[in-house]
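Engineer: Handing you a structure now.
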Amino acid sequence: MKTFSIGGIHPNDSKISKDCKIEILPLPSKVFISVAQHLGAPATPVVKAGDVVKAGQVIAEPAGFISAYVHSSVSGTVKSVGPRKDIAGNNMTHIEIDVEGDEWAEGIDLSDTLVTAIPEDNKEILEKIKLNGVVGLGGATFPTHVKLCPPPGKKADCLILNGAECEPYLTSDYRIMLERSKEIVVGAAIMKQVLGNCPAVIGIEENKPEAIKAMTAAVSELQSAGKAYSGISVMTLKKKYPQGGEKQLIDAVMKRQVKSMGLPIDVGAVVQNVATSLAVYEAVQKNKPLVTNVLTVTGDCLPMENQHNYQFRIGMPLSYIAEHAGGIPESAVKVISGGPMMGKAIANLDATTVKGSSSLLYLTAEQTVRNAETACIRCGKCAEACPMGLEPFLLQKYARNSMMDELEENAIQDCIECGCCLYSCPANIPLLDIIRIAKGDVIRIIRGRAAKK
Amino acid sequence: MEKILVSPSPHLHTRTSTKSLMRDVVIALLPAVIVSVLFYGWSELLILGVSVASCVLLEYLITKYMLKKSCTIGDMSAVVTGILLALNLPASTPWWVVFIGAVVAIGVAKMTFGGIGQNIFNPAIAGRVFLLISFPTYMTDWAKPQGFIGQSIADAFTGATPLGIAKGAGAEAVAGMDYSDMLFCNIGGSAGELSAIALLLGFAYLLARKVIRPYITCSIIATVAVFSGIFWAINPAEYTDPVFNILSGGLLLGAIFMATDYVTSPMSNLGGVIFGVGIGVITMLIRYFGAYPEGVSFAILIMNSVVPLINKWCHTKKYGR
């Protein structure tokens, strides 16, 4: 069984909510849609207070090459356009809409019928992906149409679909692989065609045998549906965190490693999350903009009947979802958006869902409160765990002494912030906290130097 | 939920702590401790008690009254040092000599450098070597195993260790020795050298619990095997054979428990191999050509001193570089 070659850890996968079917959340009375739901420049609002909008209608336009369209997720009246706090508590422009009914914009196919015929014109496909605001849903929310257009001179050798879902607790990707497997395969076929018909591999970790079965069945069933459907395969991967890291997945699937500061396409790889593939399917085949996604409500302290996988619409307040799921458990001290390893601790529960929202994860004090830092005993467990082959014990020492040249020599800029070092440190040294800050400084120095040349 | 906790990722943490690692080392040492107590009786219990108690007490007093920082005895590293020091001494060592060993181990080798994580030399070995040089009579008065069980064993080797005999009378004097005696604690020597099986049990436990990686231990044993194998093949009358060299003296105790000490060994696997080969070669040079019959302690101390250099040379293989 394949896996990435350097480091990695084995936290308990805790997929408590894996058997909870995807439920559709009812609409709240109000949504607040952020214009910054993607990597890159926040979009520019194109509606104003008093405008009547339908679900799926554009309400903000991209403000640069790396940016994305934002659509209304509901029908109703725009109440205001202005600053509101996001999950971190920072102000960002949100479009507030009073929900009235559920009317969708014209040209959007809301039926369940599977459309397998793929448009022949790749330009048309890319335009649809762009116009429907599709961004990567694996965490980084990078605009998908940009990622599907390799720079001149670079060619994709393999499209990797990320179904690893290596973060503990999260089950949304798992559920869509079970419940919407064919649509994901069609999405893969579309992206594969755009990339010049390179092979496509769907990588899934071994702890999800049902998903492997469902995806394999969907692939073989669609085999006859057209040329674009050949050359798609499912690959079982060993369970190891961070298998779903882009660089790690490329190493696991293709046995190739992306050079430092390089891009996956440099080694012929394009990685897309399975949820992104589903969004691509909906955008291209159904003309449906990315206004829904699936998130997991879970945690050890949450009773089984309150565990959920919800299909949500963007702009729903997190507190609304939490309440709908039976409230926040008493013993929870921290709520995470995303997985426990790389997710963000939510500072503001009134913040709303965005395209890339993947979970509301409740952690107890016993699970998450860090113990006091003690002396480094040089056990080397952090270096053993680092999937980039870095030496966190060394980097943190250099960082604490602001030794920028040494930090760069020891490749701090390659850190993917997966958290393996801090997770495995027996002395509770805040390795990643320190390294993350120093990494930002070093990357600024590298960029500054490149700009001078 | 009145207050919401916010902190950077990751939000989960391993259950492994410095304390749990040290506790695992203590558990891994138990077979050797039990065997030594069974075979050496009350005197060994006294040594273990004095050694552990004085190591812990000294660390407590030094952190509290001299360094004036938070006390570190809770991490159990002083307990490990205490047990290792005791296992490195002959069962007949007087209690006050044990105490002096503890003073050197904790007071000099560990705390003067800043306590856990900062010391260059393995504290227990530093203590043992200090005693070996300062009190050679006590330190080479190897008691024949005489404890709760096994009263009349190993008559051929009264008093001296197998290595001591080999040093004095040549390789032929130990040629007839039964290796199963060495596997099962029928030989003279310091307490921890009694039973290879007990030590290997501990090694298996440490590996299974992922406390240590096998590189250092295996490279020491392999180096000793190859080095002595070559000499033995050339002249079996003068040089002892590889199995004898692996099972005798403190080799296994040193290779499993002392050379693998996190703080005083290299961080990388490659560094660990270099470190292990160095220990193996120096050990055999001392055994074959040195003045002492045994060289593991000196070999580990010498290699401890080059660990910073090894760390500087050996880095992990980085992704995409």
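Chain labels A, B, ... are given in the sequence in which chains occur in the structure tokens; within each chain residues are numbered consecutively from 1, and ligands are likewise numbered from 1 in the order shown.
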Dump as a Markdown table the rows for residues of chain A within 8 Å of chain B: closest atom pair and distance in Å with one decimal, only C-alpha atoms counted, ordered by chain and rising residue number.
Structural biologist:
```
| residue | atom | partner | partner_atom | distance |
| --- | --- | --- | --- | --- |
| A:Ile6 | CA | B:Tyr319 | CA | 7.2 |
| A:Pro11 | CA | B:Thr14 | CA | 7.8 |
| A:Gln257 | CA | B:Gly320 | CA | 4.8 |
| A:Val258 | CA | B:Gly320 | CA | 5.3 |
| A:Lys259 | CA | B:Gly320 | CA | 4.5 |
| A:Ser260 | CA | B:Gly320 | CA | 6.0 |
| A:Ile328 | CA | B:Met1 | CA | 7.4 |
| A:Pro329 | CA | B:Met1 | CA | 7.8 |
| A:Glu330 | CA | B:Met1 | CA | 6.0 |
| A:Ser331 | CA | B:Met1 | CA | 7.6 |
| A:Ala332 | CA | B:Met1 | CA | 6.9 |
| A:Val333 | CA | B:Leu5 | CA | 5.8 |
| A:Lys334 | CA | B:Leu5 | CA | 4.9 |
| A:Val335 | CA | B:Ile4 | CA | 7.6 |
| A:Pro340 | CA | B:His11 | CA | 5.1 |
| A:Met341 | CA | B:Pro10 | CA | 4.2 |
| A:Met342 | CA | B:Ser9 | CA | 5.4 |
| A:Gly343 | CA | B:Ser9 | CA | 6.4 |
| A:Lys344 | CA | B:Ser9 | CA | 6.5 |
| A:Ala345 | CA | B:Val6 | CA | 5.2 |
| A:Ile346 | CA | B:Val6 | CA | 6.6 |
| A:Ala347 | CA | B:Val6 | CA | 6.0 |
| A:Gln367 | CA | B:Leu12 | CA | 6.4 |
| A:Thr368 | CA | B:Leu12 | CA | 5.4 |
| A:Arg370 | CA | B:His13 | CA | 7.5 |
| A:Ala375 | CA | B:Gly117 | CA | 6.0 |
| A:Cys376 | CA | B:Gly117 | CA | 5.5 |
| A:Ile377 | CA | B:Gly117 | CA | 4.3 |
| A:Arg378 | CA | B:Val263 | CA | 5.2 |
| A:Cys379 | CA | B:Tyr262 | CA | 4.8 |
| A:Gly380 | CA | B:Met267 | CA | 5.3 |
| A:Ala383 | CA | B:Thr316 | CA | 7.5 |
| A:Pro387 | CA | B:Tyr319 | CA | 7.5 |
| A:Met388 | CA | B:Tyr319 | CA | 4.8 |
| A:Gly389 | CA | B:Lys318 | CA | 4.1 |
| A:Leu390 | CA | B:Lys318 | CA | 6.1 |
| A:Glu391 | CA | B:Thr316 | CA | 7.2 |
| A:Cys418 | CA | B:Pro10 | CA | 7.6 |
| A:Gly419 | CA | B:Pro10 | CA | 5.2 |
| A:Cys420 | CA | B:Pro10 | CA | 8.0 |
| A:Leu422 | CA | B:Pro10 | CA | 7.1 |
| A:Tyr423 | CA | B:His13 | CA | 4.5 |
| A:Ser424 | CA | B:Thr14 | CA | 5.5 |
| A:Cys425 | CA | B:Thr14 | CA | 7.5 |
| A:Pro426 | CA | B:Ser17 | CA | 3.9 |
| A:Ala427 | CA | B:Thr18 | CA | 5.8 |
| A:Asn428 | CA | B:Ser17 | CA | 7.7 |
| A:Asp433 | CA | B:Pro8 | CA | 6.9 |
```
Engineer: With only C-alpha atoms as the counted atoms, please give the residues lying no more than 8 Å from range 102-112 of chain B, apart from itself and same-chain residues fewer than 2 positions off, as a list in words.
Structural biologist: Ser51, Ser54, Cys55, Leu58, Glu59, Ile62, Ala78, Thr81, Gly82, Leu85, Val98, Phe99, Ile100, Gly114, Gly115, Ile116, Gln118, Asn119, Ile120, Phe121, Asn122, Pro123, Ala124, Ile125, Ala126, Gly127, Arg128 and Phe130 of chain B
Engineer: Tell me, which residues of range 158-205 of chain A carry DSSP alpha helix (DSSP H), written as a compact mmCIF listing (two decimals) with N, CA and C atoms, in the first residue's frame?
Structural biologist:
```txt
# COMPACT_ATOMS: atom_id res chain seq x y z
N SER A 172 -16.93 14.74 6.01
CA SER A 172 -17.74 15.28 4.91
C SER A 172 -17.28 14.71 3.57
N ASP A 173 -15.98 14.63 3.33
CA ASP A 173 -15.49 14.06 2.07
C ASP A 173 -15.91 12.59 1.97
N TYR A 174 -15.83 11.89 3.10
CA TYR A 174 -16.21 10.48 3.13
C TYR A 174 -17.67 10.33 2.72
N ARG A 175 -18.54 11.17 3.27
CA ARG A 175 -19.96 11.06 2.95
C ARG A 175 -20.23 11.36 1.48
N ILE A 176 -19.61 12.40 0.93
CA ILE A 176 -19.89 12.68 -0.49
C ILE A 176 -19.33 11.57 -1.39
N MET A 177 -18.22 10.94 -0.96
CA MET A 177 -17.70 9.83 -1.77
C MET A 177 -18.67 8.66 -1.77
N LEU A 178 -19.42 8.49 -0.65
CA LEU A 178 -20.41 7.42 -0.58
C LEU A 178 -21.68 7.81 -1.33
N GLU A 179 -22.14 9.04 -1.10
CA GLU A 179 -23.47 9.40 -1.56
C GLU A 179 -23.46 10.04 -2.95
N SER A 181 -20.81 9.59 -5.39
CA SER A 181 -19.60 9.09 -6.04
C SER A 181 -19.58 9.33 -7.55
N LYS A 182 -20.71 9.10 -8.22
CA LYS A 182 -20.70 9.25 -9.69
C LYS A 182 -20.45 10.69 -10.10
N GLU A 183 -21.09 11.61 -9.37
CA GLU A 183 -20.89 13.02 -9.72
C GLU A 183 -19.42 13.42 -9.56
N ILE A 184 -18.78 12.86 -8.52
CA ILE A 184 -17.36 13.16 -8.30
C ILE A 184 -16.54 12.63 -9.48
N VAL A 185 -16.88 11.42 -9.95
CA VAL A 185 -16.13 10.85 -11.08
C VAL A 185 -16.34 11.69 -12.34
N VAL A 186 -17.56 12.18 -12.57
CA VAL A 186 -17.80 13.04 -13.74
C VAL A 186 -16.93 14.31 -13.61
N GLY A 187 -16.90 14.87 -12.39
CA GLY A 187 -16.07 16.05 -12.16
C GLY A 187 -14.61 15.78 -12.47
N ALA A 188 -14.15 14.58 -12.07
CA ALA A 188 -12.77 14.19 -12.35
C ALA A 188 -12.54 14.09 -13.86
N ALA A 189 -13.52 13.52 -14.56
CA ALA A 189 -13.39 13.36 -16.01
C ALA A 189 -13.31 14.73 -16.70
N ILE A 190 -14.10 15.68 -16.17
CA ILE A 190 -14.09 17.04 -16.75
C ILE A 190 -12.70 17.67 -16.57
N MET A 191 -12.18 17.61 -15.35
CA MET A 191 -10.87 18.24 -15.06
C MET A 191 -9.76 17.56 -15.85
N LYS A 192 -9.87 16.25 -15.96
CA LYS A 192 -8.89 15.44 -16.69
C LYS A 192 -8.88 15.86 -18.16
N GLN A 193 -10.07 16.08 -18.73
CA GLN A 193 -10.14 16.51 -20.13
C GLN A 193 -9.50 17.89 -20.30
N VAL A 194 -9.80 18.79 -19.36
CA VAL A 194 -9.22 20.14 -19.45
C VAL A 194 -7.70 20.07 -19.39
```
Engineer: What is the CA of Pro83 in chain A to CA of Asn348 in chain A distance in Å?
Structural biologist: 14.2 Å
Engineer: State, in Å with one decimal place, the distance from CA of Val201 in chain A to CA of Cys158 in chain A.
Structural biologist: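 Those two atoms sit 7.3 Å apart.
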Engineer: Can you work out the spacing between CA of Lys439 in chain A and CA of Leu407 in chain A in Å, to one decimal?
Structural biologist: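 Answer for the CA of Lys439 in chain A to CA of Leu407 in chain A separation: 8.2 Å.
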